>>> print(open('input.cif').read())   # mmCIF, C-alpha atoms and all ligand atoms
data_run
#
loop_
_atom_site.label_atom_id
_atom_site.label_comp_id
_atom_site.auth_asym_id
_atom_site.auth_seq_id
_atom_site.Cartn_x
_atom_site.Cartn_y
_atom_site.Cartn_z
CA MET A 1 35.16 8.48 -31.20
CA ILE A 2 37.08 6.05 -29.04
CA PRO A 3 40.67 5.05 -29.67
CA ALA A 4 41.02 2.21 -32.17
CA LEU A 5 43.11 0.39 -29.60
CA LEU A 6 41.07 -1.15 -26.79
CA SER A 7 41.48 0.78 -23.55
CA ASN A 8 42.12 -2.15 -21.21
CA TYR A 9 45.66 -0.95 -20.44
CA ALA A 10 46.97 2.38 -19.21
CA PRO A 11 50.52 2.43 -20.59
CA ALA A 12 53.04 5.14 -19.79
CA ASP A 13 53.30 7.63 -22.65
CA LEU A 14 56.60 6.19 -23.81
CA ALA A 15 57.63 3.71 -26.49
CA PHE A 16 60.98 2.18 -27.23
CA GLU A 17 62.91 2.01 -30.44
CA LYS A 18 65.57 -0.40 -29.45
CA GLY A 19 66.95 -2.41 -26.59
CA GLU A 20 70.41 -3.60 -25.71
CA GLY A 21 71.31 -5.62 -22.65
CA MET A 22 70.07 -3.80 -19.54
CA TYR A 23 68.90 -0.71 -21.44
CA LEU A 24 65.98 0.41 -23.57
CA TYR A 25 66.12 3.45 -25.85
CA GLY A 26 62.98 5.58 -25.79
CA ASN A 27 61.34 7.48 -28.64
CA ASP A 28 61.98 10.52 -26.42
CA GLY A 29 65.69 10.15 -27.17
CA ARG A 30 66.51 8.95 -23.65
CA ARG A 31 68.15 5.76 -22.42
CA TYR A 32 66.36 3.79 -19.69
CA LEU A 33 67.77 1.29 -17.22
CA ASP A 34 65.36 -1.63 -17.36
CA PHE A 35 64.41 -3.01 -13.93
CA ALA A 36 61.03 -4.25 -15.19
CA ALA A 37 62.23 -6.57 -17.98
CA GLY A 38 58.72 -6.59 -19.44
CA ILE A 39 57.45 -8.10 -16.16
CA ALA A 40 60.25 -10.61 -15.50
CA VAL A 41 60.33 -11.73 -19.12
CA SER A 42 63.47 -10.31 -20.72
CA ALA A 43 65.68 -12.28 -18.35
CA LEU A 44 68.68 -12.24 -20.69
CA GLY A 45 68.25 -8.55 -21.40
CA HIS A 46 67.38 -7.01 -24.74
CA ALA A 47 68.72 -8.26 -28.07
CA HIS A 48 70.86 -10.98 -26.48
CA PRO A 49 73.10 -12.09 -29.38
CA ARG A 50 72.41 -15.80 -28.85
CA LEU A 51 68.64 -15.34 -28.75
CA VAL A 52 68.70 -13.08 -31.80
CA ALA A 53 70.83 -15.60 -33.69
CA ALA A 54 68.54 -18.50 -32.72
CA LEU A 55 65.42 -16.61 -33.82
CA VAL A 56 66.87 -15.35 -37.10
CA GLU A 57 68.27 -18.76 -37.99
CA GLN A 58 64.90 -20.43 -37.40
CA ALA A 59 63.03 -17.60 -39.16
CA ASN A 60 64.96 -18.41 -42.30
CA LYS A 61 63.99 -22.09 -42.08
CA VAL A 62 60.40 -22.77 -41.01
CA TRP A 63 58.03 -20.74 -38.82
CA HIS A 64 55.04 -22.94 -38.29
CA VAL A 65 53.64 -26.39 -39.02
CA SER A 66 51.40 -26.86 -35.94
CA ASN A 67 51.42 -30.11 -34.01
CA LEU A 68 50.35 -32.12 -37.04
CA PHE A 69 54.05 -32.86 -37.44
CA ARG A 70 56.96 -33.47 -35.14
CA ILE A 71 58.72 -30.31 -34.02
CA PRO A 72 62.33 -31.22 -33.20
CA GLY A 73 62.77 -28.06 -31.12
CA GLN A 74 60.00 -29.28 -28.78
CA GLU A 75 61.64 -32.63 -28.27
CA GLU A 76 64.97 -30.95 -27.62
CA LEU A 77 63.56 -28.41 -25.16
CA ALA A 78 61.44 -31.01 -23.36
CA LYS A 79 64.55 -33.15 -22.87
CA LYS A 80 66.51 -30.20 -21.47
CA LEU A 81 63.73 -29.25 -19.04
CA VAL A 82 63.23 -32.86 -17.95
CA ASP A 83 66.98 -33.22 -17.35
CA ALA A 84 67.14 -29.98 -15.37
CA THR A 85 64.03 -30.45 -13.18
CA PHE A 86 61.71 -32.84 -11.29
CA ALA A 87 59.65 -33.36 -14.44
CA ASP A 88 59.26 -36.37 -16.71
CA ALA A 89 57.44 -34.60 -19.55
CA ALA A 90 56.73 -31.12 -20.88
CA TYR A 91 53.83 -29.59 -22.80
CA PHE A 92 54.34 -26.32 -24.66
CA CYS A 93 51.94 -23.43 -25.12
CA ASN A 94 52.18 -19.70 -25.75
CA SER A 95 51.66 -17.87 -22.48
CA GLY A 96 51.43 -18.11 -18.73
CA LEU A 97 47.70 -18.51 -18.41
CA GLU A 98 47.78 -21.30 -20.97
CA ALA A 99 50.44 -23.09 -18.94
CA ASN A 100 48.18 -22.81 -15.87
CA GLU A 101 45.15 -23.87 -17.87
CA ALA A 102 47.08 -26.98 -18.90
CA ALA A 103 48.11 -27.55 -15.27
CA ILE A 104 44.50 -27.33 -14.08
CA LYS A 105 43.31 -29.64 -16.85
CA MET A 106 46.10 -32.10 -16.03
CA VAL A 107 44.99 -32.21 -12.39
CA ARG A 108 41.42 -33.01 -13.35
CA LYS A 109 42.40 -35.44 -16.09
CA TYR A 110 44.79 -37.33 -13.84
CA PHE A 111 42.09 -38.12 -11.29
CA SER A 112 39.51 -38.89 -13.91
CA PHE A 113 41.99 -41.15 -15.73
CA THR A 114 42.83 -43.00 -12.52
CA GLY A 115 39.20 -43.63 -11.63
CA HIS A 116 38.48 -40.68 -9.33
CA PRO A 117 36.56 -38.13 -11.39
CA GLU A 118 34.98 -36.89 -8.16
CA LYS A 119 38.34 -35.40 -7.22
CA TYR A 120 38.54 -32.14 -9.13
CA ARG A 121 38.77 -29.29 -6.62
CA ILE A 122 41.97 -27.31 -6.21
CA ILE A 123 43.03 -25.42 -3.11
CA THR A 124 44.50 -22.05 -4.06
CA PHE A 125 45.68 -19.03 -2.09
CA GLU A 126 44.43 -15.53 -1.39
CA ASN A 127 46.28 -12.69 -3.19
CA SER A 128 47.51 -15.08 -5.87
CA PHE A 129 47.69 -14.35 -9.56
CA HIS A 130 47.44 -17.10 -12.16
CA GLY A 131 46.45 -15.27 -15.34
CA ARG A 132 43.33 -13.79 -16.96
CA SER A 133 41.39 -16.71 -18.44
CA LEU A 134 38.09 -17.67 -16.84
CA ALA A 135 39.73 -20.67 -15.15
CA THR A 136 42.78 -18.80 -13.91
CA ILE A 137 40.84 -15.82 -12.53
CA ALA A 138 38.69 -18.35 -10.67
CA ALA A 139 41.87 -20.02 -9.41
CA ALA A 140 43.17 -16.72 -8.03
CA GLY A 141 39.73 -15.80 -6.77
CA GLN A 142 40.41 -12.09 -6.39
CA GLN A 143 37.29 -9.98 -6.73
CA LYS A 144 39.07 -7.35 -8.86
CA LEU A 145 39.86 -10.05 -11.47
CA LEU A 146 36.41 -11.69 -11.41
CA GLU A 147 34.25 -8.54 -11.38
CA GLY A 148 31.94 -8.33 -14.38
CA PHE A 149 32.72 -11.69 -15.91
CA GLY A 150 29.67 -13.63 -14.80
CA PRO A 151 29.52 -17.00 -13.05
CA VAL A 152 32.86 -18.00 -11.59
CA MET A 153 34.27 -21.34 -12.68
CA GLU A 154 33.67 -24.02 -10.07
CA GLY A 155 36.32 -25.96 -8.27
CA PHE A 156 38.66 -23.65 -6.39
CA ASP A 157 38.86 -23.25 -2.62
CA HIS A 158 40.80 -20.24 -1.37
CA VAL A 159 42.80 -20.14 1.84
CA PRO A 160 45.37 -17.67 3.26
CA VAL A 161 49.05 -18.31 2.56
CA GLY A 162 50.97 -19.55 5.57
CA ASP A 163 48.07 -21.06 7.51
CA ILE A 164 48.52 -24.83 7.23
CA GLU A 165 45.52 -25.55 9.49
CA LYS A 166 43.23 -23.70 7.10
CA VAL A 167 44.67 -25.71 4.21
CA LYS A 168 44.01 -28.95 6.10
CA ALA A 169 40.49 -27.84 6.91
CA ALA A 170 39.82 -27.12 3.23
CA ILE A 171 40.68 -30.67 2.11
CA THR A 172 37.63 -32.80 1.26
CA ASP A 173 37.04 -36.04 -0.67
CA GLU A 174 36.75 -33.86 -3.78
CA THR A 175 40.13 -32.17 -3.38
CA ALA A 176 42.57 -33.03 -6.14
CA ALA A 177 45.42 -30.57 -5.76
CA ILE A 178 47.02 -27.60 -4.06
CA MET A 179 48.25 -24.83 -6.36
CA ILE A 180 50.55 -22.02 -5.27
CA GLU A 181 53.14 -19.49 -6.46
CA PRO A 182 56.36 -20.00 -4.42
CA VAL A 183 56.55 -16.22 -4.31
CA LEU A 184 53.33 -14.27 -4.80
CA GLY A 185 54.58 -12.02 -7.60
CA GLU A 186 51.69 -9.76 -8.57
CA GLY A 187 50.70 -9.94 -4.89
CA GLY A 188 53.80 -7.88 -4.07
CA ILE A 189 56.71 -10.36 -3.96
CA GLN A 190 55.44 -12.16 -0.88
CA VAL A 191 57.86 -15.03 -0.35
CA VAL A 192 56.11 -18.19 0.81
CA ALA A 193 58.12 -19.68 3.71
CA PRO A 194 60.05 -22.83 2.72
CA GLU A 195 58.58 -24.59 5.78
CA PHE A 196 55.09 -23.86 4.45
CA MET A 197 56.05 -25.21 1.02
CA ARG A 198 57.33 -28.38 2.69
CA ALA A 199 54.17 -28.66 4.77
CA LEU A 200 52.09 -28.44 1.58
CA ARG A 201 54.17 -31.19 -0.04
CA LYS A 202 53.61 -33.36 3.03
CA LEU A 203 49.86 -32.74 3.00
CA CYS A 204 49.72 -33.64 -0.68
CA ASP A 205 51.56 -36.90 0.01
CA GLU A 206 49.31 -37.78 2.94
CA HIS A 207 46.06 -37.04 1.10
CA ASP A 208 47.01 -38.19 -2.39
CA LEU A 209 46.82 -34.66 -3.82
CA LEU A 210 48.91 -33.16 -6.59
CA LEU A 211 51.14 -30.19 -5.81
CA VAL A 212 51.00 -27.62 -8.58
CA LEU A 213 53.48 -24.75 -8.63
CA ASP A 214 52.89 -21.64 -10.67
CA GLU A 215 56.48 -20.67 -11.45
CA ILE A 216 55.60 -18.42 -14.35
CA GLN A 217 57.26 -15.48 -12.62
CA THR A 218 59.63 -17.21 -10.17
CA GLY A 219 60.97 -19.75 -12.64
CA MET A 220 63.78 -19.67 -15.20
CA GLY A 221 66.48 -18.33 -12.95
CA ARG A 222 64.70 -15.35 -11.41
CA THR A 223 65.32 -16.43 -7.80
CA GLY A 224 68.87 -17.70 -8.35
CA LYS A 225 67.73 -21.29 -8.95
CA LEU A 226 66.31 -22.54 -12.23
CA PHE A 227 62.99 -22.95 -10.38
CA ALA A 228 62.10 -21.60 -6.94
CA TYR A 229 60.90 -24.94 -5.54
CA GLU A 230 64.58 -25.89 -5.24
CA HIS A 231 64.95 -23.40 -2.36
CA ALA A 232 62.44 -25.41 -0.30
CA GLY A 233 64.03 -28.76 -1.11
CA ILE A 234 60.78 -30.21 -2.44
CA THR A 235 59.46 -31.11 -5.86
CA PRO A 236 55.99 -30.47 -7.31
CA ASP A 237 53.91 -32.84 -9.47
CA ILE A 238 53.04 -30.16 -12.00
CA LEU A 239 54.73 -26.82 -12.72
CA SER A 240 53.81 -23.99 -15.04
CA SER A 241 56.48 -21.83 -16.66
CA ALA A 242 56.33 -18.92 -19.11
CA LYS A 243 57.64 -15.33 -18.93
CA ALA A 244 61.45 -15.71 -18.90
CA LEU A 245 61.28 -19.08 -20.67
CA GLY A 246 61.13 -17.26 -24.00
CA GLY A 247 63.20 -14.25 -22.99
CA GLY A 248 60.61 -12.06 -24.73
CA PHE A 249 59.30 -14.50 -27.32
CA PRO A 250 55.82 -15.72 -26.26
CA VAL A 251 56.01 -19.28 -24.94
CA GLY A 252 54.77 -21.28 -21.98
CA ALA A 253 55.33 -24.77 -20.64
CA CYS A 254 53.59 -27.15 -18.30
CA LEU A 255 55.90 -29.73 -16.73
CA ALA A 256 54.63 -32.88 -15.06
CA VAL A 257 55.71 -36.09 -13.38
CA GLU A 258 55.18 -39.35 -15.22
CA LYS A 259 51.94 -40.47 -13.54
CA VAL A 260 50.27 -37.17 -14.47
CA ALA A 261 51.77 -36.98 -17.95
CA LYS A 262 50.41 -40.46 -18.74
CA ALA A 263 46.86 -39.23 -18.27
CA MET A 264 47.26 -36.68 -21.07
CA THR A 265 46.40 -39.07 -23.86
CA VAL A 266 46.25 -38.26 -27.57
CA GLY A 267 43.68 -35.56 -28.26
CA SER A 268 43.18 -34.61 -24.60
CA HIS A 269 44.66 -31.13 -24.92
CA GLY A 270 46.41 -28.99 -27.50
CA SER A 271 47.15 -25.68 -29.13
CA THR A 272 47.62 -24.59 -32.73
CA TYR A 273 50.71 -22.53 -32.00
CA GLY A 274 51.96 -24.33 -28.88
CA GLY A 275 55.63 -25.12 -29.18
CA ASN A 276 55.95 -23.41 -32.55
CA PRO A 277 59.44 -23.69 -34.12
CA LEU A 278 60.26 -19.99 -33.58
CA ALA A 279 59.34 -20.15 -29.89
CA MET A 280 61.28 -23.39 -29.46
CA ALA A 281 64.41 -22.01 -31.11
CA VAL A 282 64.46 -19.08 -28.71
CA ALA A 283 63.48 -21.05 -25.59
CA ASN A 284 66.17 -23.65 -26.30
CA ALA A 285 68.72 -20.85 -26.46
CA VAL A 286 67.39 -19.36 -23.20
CA VAL A 287 67.70 -22.69 -21.40
CA ASP A 288 71.19 -23.24 -22.83
CA VAL A 289 72.40 -19.89 -21.53
CA MET A 290 70.77 -20.32 -18.12
CA THR A 291 72.12 -23.81 -17.54
CA GLU A 292 75.68 -22.78 -18.31
CA GLU A 293 78.11 -23.03 -15.41
CA GLY A 294 77.89 -20.00 -13.15
CA PHE A 295 74.77 -18.35 -14.60
CA LEU A 296 72.49 -19.02 -11.64
CA ASP A 297 75.28 -18.27 -9.14
CA HIS A 298 75.60 -14.89 -10.82
CA VAL A 299 71.88 -14.26 -10.29
CA ALA A 300 72.13 -15.18 -6.60
CA GLU A 301 75.21 -12.99 -6.16
CA MET A 302 73.69 -9.98 -7.93
CA GLY A 303 70.50 -10.50 -5.92
CA ASN A 304 72.51 -10.22 -2.72
CA HIS A 305 74.31 -7.10 -3.91
CA LEU A 306 71.06 -5.46 -4.96
CA LYS A 307 69.42 -6.32 -1.65
CA GLN A 308 72.38 -4.88 0.29
CA GLY A 309 72.16 -1.69 -1.74
CA LEU A 310 68.43 -1.49 -1.17
CA ALA A 311 68.77 -2.07 2.58
CA GLY A 312 71.02 1.02 2.65
CA ALA A 313 68.45 3.01 0.71
CA VAL A 314 65.69 1.97 3.11
CA ASP A 315 67.86 3.22 6.01
CA ARG A 316 68.53 6.53 4.26
CA HIS A 317 64.91 7.11 3.23
CA PRO A 318 62.63 5.84 6.00
CA GLU A 319 59.85 8.21 4.94
CA VAL A 320 59.65 6.78 1.43
CA LEU A 321 60.76 3.15 1.73
CA GLU A 322 59.57 0.55 4.18
CA GLU A 323 61.05 -2.84 3.41
CA VAL A 324 62.95 -4.99 0.91
CA ARG A 325 61.81 -8.54 0.24
CA GLY A 326 62.30 -11.31 -2.28
CA ILE A 327 64.79 -13.94 -3.39
CA GLY A 328 67.54 -13.56 -5.98
CA LEU A 329 66.55 -10.90 -8.50
CA HIS A 330 62.84 -11.22 -7.72
CA ILE A 331 62.62 -8.24 -5.41
CA GLY A 332 59.86 -6.14 -3.93
CA LEU A 333 60.42 -2.71 -2.45
CA LYS A 334 57.54 -1.86 -0.15
CA CYS A 335 56.87 1.85 -0.14
CA LYS A 336 55.59 4.21 2.53
CA VAL A 337 54.51 6.68 -0.13
CA GLU A 338 52.09 5.50 -2.78
CA ASN A 339 54.07 3.07 -4.97
CA THR A 340 53.04 4.83 -8.20
CA LEU A 341 54.69 8.04 -6.95
CA LEU A 342 58.04 6.30 -6.61
CA LEU A 343 57.58 4.36 -9.86
CA ASN A 344 56.90 7.60 -11.78
CA LYS A 345 59.77 9.39 -10.10
CA LEU A 346 62.11 6.56 -11.10
CA LEU A 347 60.77 6.74 -14.64
CA GLU A 348 61.66 10.47 -14.67
CA LYS A 349 65.15 9.42 -13.59
CA GLY A 350 65.36 6.98 -16.50
CA VAL A 351 64.64 3.76 -14.60
CA LEU A 352 61.84 1.31 -15.41
CA THR A 353 60.20 -0.70 -12.63
CA ALA A 354 56.90 -2.59 -12.26
CA LYS A 355 54.08 -2.08 -9.78
CA GLY A 356 52.97 -4.90 -7.47
CA GLY A 357 50.27 -5.50 -4.87
CA ASP A 358 50.70 -4.45 -1.23
CA ASN A 359 52.10 -1.04 -2.27
CA VAL A 360 55.26 -2.60 -3.65
CA ILE A 361 57.35 -1.72 -6.64
CA ARG A 362 58.84 -4.81 -8.22
CA LEU A 363 62.48 -4.85 -9.23
CA LEU A 364 62.83 -7.50 -11.91
CA PRO A 365 66.02 -6.62 -13.80
CA PRO A 366 67.42 -8.83 -16.52
CA LEU A 367 69.47 -11.57 -14.85
CA ILE A 368 72.58 -10.51 -16.77
CA ILE A 369 72.84 -7.42 -14.55
CA GLU A 370 76.28 -6.44 -13.22
CA ASP A 371 77.40 -4.38 -10.21
CA THR A 372 77.70 -1.16 -12.25
CA GLU A 373 73.98 -1.26 -13.09
CA ILE A 374 73.11 -2.05 -9.49
CA SER A 375 75.07 1.04 -8.38
CA GLU A 376 73.38 3.11 -11.08
CA PHE A 377 69.98 1.92 -9.87
CA ILE A 378 70.75 2.72 -6.22
CA SER A 379 71.89 6.28 -7.12
CA ARG A 380 68.73 6.88 -9.14
CA LEU A 381 66.66 5.48 -6.29
CA ASP A 382 68.39 7.78 -3.81
CA GLU A 383 67.68 10.78 -6.03
CA ALA A 384 64.06 9.75 -6.51
CA CYS A 385 63.53 9.27 -2.76
CA THR A 386 65.21 12.58 -1.91
CA GLU A 387 62.93 14.42 -4.34
CA LEU A 388 59.88 12.71 -2.88
CA GLU A 389 61.01 13.67 0.65
CA ASN A 390 61.38 17.30 -0.41
CA GLY A 391 57.84 17.19 -1.76
C1 LIG B 1 52.37 -13.44 -15.44
C2 LIG B 1 51.80 -14.54 -14.61
C3 LIG B 1 50.76 -15.36 -15.09
C4 LIG B 1 50.07 -15.11 -16.40
O1 LIG B 1 50.91 -15.16 -17.49
P1 LIG B 1 50.40 -14.55 -18.90
O2 LIG B 1 51.51 -14.88 -19.85
O3 LIG B 1 50.19 -13.10 -18.68
O4 LIG B 1 49.13 -15.24 -19.23
C5 LIG B 1 50.35 -16.40 -14.28
N1 LIG B 1 50.90 -16.63 -13.09
C6 LIG B 1 51.90 -15.86 -12.60
C7 LIG B 1 52.50 -16.19 -11.27
C8 LIG B 1 52.37 -14.79 -13.33
O5 LIG B 1 53.35 -14.02 -12.84
#
>>> encode(input="input.cif", output="structure tokens", more="lines below")
Ligand SMILES: *Cc1c(COP(=O)(O)O)cnc(C)c1O
Amino acid sequence: MIPALLSNYAPADLAFEKGEGMYLYGNDGRRYLDFAAGIAVSALGHAHPRLVAALVEQANKVWHVSNLFRIPGQEELAKKLVDATFADAAYFCNSGLEANEAAIKMVRKYFSFTGHPEKYRIITFENSFHGRSLATIAAAGQQKLLEGFGPVMEGFDHVPVGDIEKVKAAITDETAAIMIEPVLGEGGIQVVAPEFMRALRKLCDEHDLLLVLDEIQTGMGRTGKLFAYEHAGITPDILSSAKALGGGFPVGACLAVEKVAKAMTVGSHGSTYGGNPLAMAVANAVVDVMTEEGFLDHVAEMGNHLKQGLAGAVDRHPEVLEEVRGIGLHIGLKCKVENTLLLNKLLEKGVLTAKGGDNVIRLLPPLIIEDTEISEFISRLDEACTELENG
């Protein structure tokens, strides 16, 4: 007999009964400091009173009508996102990969709509992650994602991050867009240099390509800006958002400039649940909190404090820790020991973190973190490292 639950995950043998702010309470009776935030999702922490109130209020009104009818929460959220970003229009869906799927379809539709259906290829980057659908695993192009799933969807050309000459060389008459994560999240918090981001924008302008940013992990405040493209002083044509957008309620969004949005005519794309009233109620509350005066400054400040603390830990534990990288509260701690060893040791110490590529553990705490929790984390990290050093 196999377990009734499909074995595609390997979760830690721990479940949680309740969450509050920066902490989760385990069914083992222990309290855990949450530096994983459900993979950069619970950006406002657990059971944030305003998110709970928004969800409960909507739950007592109407849950679902699909897009057969107007959903006022969608119009409201779209307006907020348009006002706060480069975008002229927003499409709502339920997850990250769906936001990327919409982005990829928008790229193709835009060129087809404007008389260039031959332009459909997208340049993407090695070590990227864009989700687990057939299109998004093809976009990322990593063998470990593609293995066993048959013919790979056509239309993606992969180049290394940081090598602008290779990007140029990959452009053909069929190229429609360049798609990149401003920080390669699953890839181990590899920050793409702002100069490279600007060079990509310039290439897109010169060759009439669309710039697509996957900000599913970097977006919604994680890096100390609402979206990470702001650090590079550029704007994309299309941007995908999810994760923190719903603060734990499943939702995704694909934002686009006017010329692209116009190509998405009635019937061209859609989703039964996309932009459902419950998701919209919560996401509106998330955006309201994050766009309040001082919220993003707090993220940047806490990011600096955490990084300073981590730099000290790297100095104290050179056998265990190698390097700190990241922006804001999107931080990677590259390990000298196997990253899982440190992750498990931290778990023993009551701290949750997330694994990343390149032997990194990702530190993705809720953005509401304060200095006391940063100090608590650094002490636990010191203890964990010391125990690893002593074998
Ligand atoms: C998490 C993530 C995705 C996929 O999101 P899902 O909601 O898991 O489908 C895509 N791109 C990036 C950069 C991500 O971090």
>>> closest_residue(input="input.cif", among="A:Pro182, A:Gly221, A:Pro151, A:Gly303", to="ligand LIG 1 (chain B)", atoms="all atoms listed in the file")
A:Pro182
>>> closest_residue(input="input.cif", among="A:Phe129, A:Phe16, A:Tyr9, A:Tyr273", to="ligand LIG 1 (chain B)", atoms="all atoms listed in the file")
A:Phe129
>>> residues_near_ligand(input="input.cif", ligand="ligand LIG 1 (chain B)", cutoff="7 Å", atoms="all atoms listed in the file", output="list of chain:residue names")
A:Ser95, A:Gly96, A:Leu97, A:Glu98, A:Asn100, A:Phe129, A:His130, A:Gly131, A:Arg132, A:Glu181, A:Leu184, A:Gly185, A:Glu186, A:Asp214, A:Glu215, A:Ile216, A:Gln217, A:Ala242, A:Lys243
>>> axis_aligned_box(input="input.cif", around="region 317-322 of chain A", padding_each_side="6 Å", output="AutoDock Vina command-line options")
--center_x 62.2 --center_y 4.4 --center_z 3.7 --size_x 17.3 --size_y 19.7 --size_z 16.6
>>> atom_distance(input="input.cif", atom1="CA of Val266 (chain A)", atom2="CA of Leu68 (chain A)")
12.0 Å
>>> atom_distance(input="input.cif", atom1="CA of Glu338 (chain A)", atom2="CA of Ile189 (chain A)")
16.6 Å
>>> closest_residue(input="input.cif", among="A:Asp382, A:Asp34, A:Asp157, A:Glu319", to="Ala354 (chain A)", atoms="all atoms listed in the file")
A:Asp34
>>> closest_residue(input="input.cif", among="A:Asp205, A:Val65, A:Ala43, A:Ala103", to="Met290 (chain A)", atoms="only C-alpha atoms")
A:Ala43
>>> residues_around(input="input.cif", residues="Asn390 (chain A)", least_positions_apart="4", cutoff="12 Å", atoms="all atoms listed in the file", output="PyMOL selection string")
chain A and resi 317+319-320+383-386
>>> atom_distance(input="input.cif", atom1="CA of Leu211 (chain A)", atom2="CA of Ile180 (chain A)")
8.2 Å
>>> closest_residue(input="input.cif", among="A:Lys119, A:Arg222, A:His305, A:Lys202", to="Glu373 (chain A)", atoms="only C-alpha atoms")
A:His305
>>> closest_residue(input="input.cif", among="A:Leu329, A:Leu255, A:Val299, A:Val314", to="Asp83 (chain A)", atoms="all atoms listed in the file")
A:Leu255
>>> residues_near_point(input="input.cif", point="(62.5, -32.9, -12.7)", cutoff="9 Å", atoms="all atoms listed in the file", output="PyMOL selection string")
chain A and resi 81-89+235-236+255-257
>>> decode(input="input.cif", residues="region 53-71 of chain A", atoms="N, CA and C atoms", output="mmCIF file, in the first residue's frame")
data_model
loop_
_atom_site.group_PDB
_atom_site.id
_atom_site.type_symbol
_atom_site.label_atom_id
_atom_site.label_comp_id
_atom_site.auth_asym_id
_atom_site.auth_seq_id
_atom_site.Cartn_x
_atom_site.Cartn_y
_atom_site.Cartn_z
ATOM 1 N N ALA A 53 -9.691 39.992 8.956
ATOM 2 C CA ALA A 53 -10.956 40.738 8.901
ATOM 3 C C ALA A 53 -11.472 40.825 7.471
ATOM 4 N N ALA A 54 -10.566 41.083 6.513
ATOM 5 C CA ALA A 54 -10.979 41.206 5.109
ATOM 6 C C ALA A 54 -11.551 39.882 4.602
ATOM 7 N N LEU A 55 -10.893 38.779 4.967
ATOM 8 C CA LEU A 55 -11.339 37.465 4.490
ATOM 9 C C LEU A 55 -12.672 37.082 5.120
ATOM 10 N N VAL A 56 -12.785 37.274 6.418
ATOM 11 C CA VAL A 56 -14.022 36.894 7.117
ATOM 12 C C VAL A 56 -15.199 37.742 6.617
ATOM 13 N N GLU A 57 -14.941 39.019 6.441
ATOM 14 C CA GLU A 57 -16.024 39.895 5.972
ATOM 15 C C GLU A 57 -16.526 39.435 4.604
ATOM 16 N N GLN A 58 -15.575 39.137 3.697
ATOM 17 C CA GLN A 58 -15.976 38.698 2.355
ATOM 18 C C GLN A 58 -16.622 37.313 2.410
ATOM 19 N N ALA A 59 -16.114 36.448 3.304
ATOM 20 C CA ALA A 59 -16.659 35.084 3.397
ATOM 21 C C ALA A 59 -18.126 35.101 3.790
ATOM 22 N N ASN A 60 -18.524 36.128 4.506
ATOM 23 C CA ASN A 60 -19.922 36.238 4.915
ATOM 24 C C ASN A 60 -20.800 36.870 3.837
ATOM 25 N N LYS A 61 -20.157 37.354 2.762
ATOM 26 C CA LYS A 61 -20.936 37.987 1.685
ATOM 27 C C LYS A 61 -21.067 37.054 0.481
ATOM 28 N N VAL A 62 -20.039 36.987 -0.341
ATOM 29 C CA VAL A 62 -20.102 36.101 -1.515
ATOM 30 C C VAL A 62 -18.698 35.573 -1.804
ATOM 31 N N TRP A 63 -18.620 34.249 -2.056
ATOM 32 C CA TRP A 63 -17.328 33.613 -2.287
ATOM 33 C C TRP A 63 -16.944 33.627 -3.753
ATOM 34 N N HIS A 64 -17.910 33.313 -4.614
ATOM 35 C CA HIS A 64 -17.521 33.015 -5.985
ATOM 36 C C HIS A 64 -18.665 33.261 -6.958
ATOM 37 N N VAL A 65 -18.352 33.906 -8.061
ATOM 38 C CA VAL A 65 -19.343 34.075 -9.139
ATOM 39 C C VAL A 65 -18.709 33.813 -10.496
ATOM 40 N N SER A 66 -17.398 33.594 -10.528
ATOM 41 C CA SER A 66 -16.575 33.509 -11.731
ATOM 42 C C SER A 66 -16.624 34.834 -12.489
ATOM 43 N N ASN A 67 -15.957 34.841 -13.643
ATOM 44 C CA ASN A 67 -15.841 36.103 -14.378
ATOM 45 C C ASN A 67 -17.000 36.320 -15.341
ATOM 46 N N LEU A 68 -18.117 35.654 -15.047
ATOM 47 C CA LEU A 68 -19.361 35.903 -15.785
ATOM 48 C C LEU A 68 -19.946 37.244 -15.368
ATOM 49 N N PHE A 69 -19.509 37.705 -14.193
ATOM 50 C CA PHE A 69 -20.035 38.954 -13.634
ATOM 51 C C PHE A 69 -18.874 39.832 -13.201
ATOM 52 N N ARG A 70 -19.153 41.089 -13.055
ATOM 53 C CA ARG A 70 -18.116 41.999 -12.567
ATOM 54 C C ARG A 70 -17.757 41.626 -11.135
ATOM 55 N N ILE A 71 -16.480 41.731 -10.823
ATOM 56 C CA ILE A 71 -16.027 41.485 -9.454
ATOM 57 C C ILE A 71 -15.385 42.786 -8.975
#
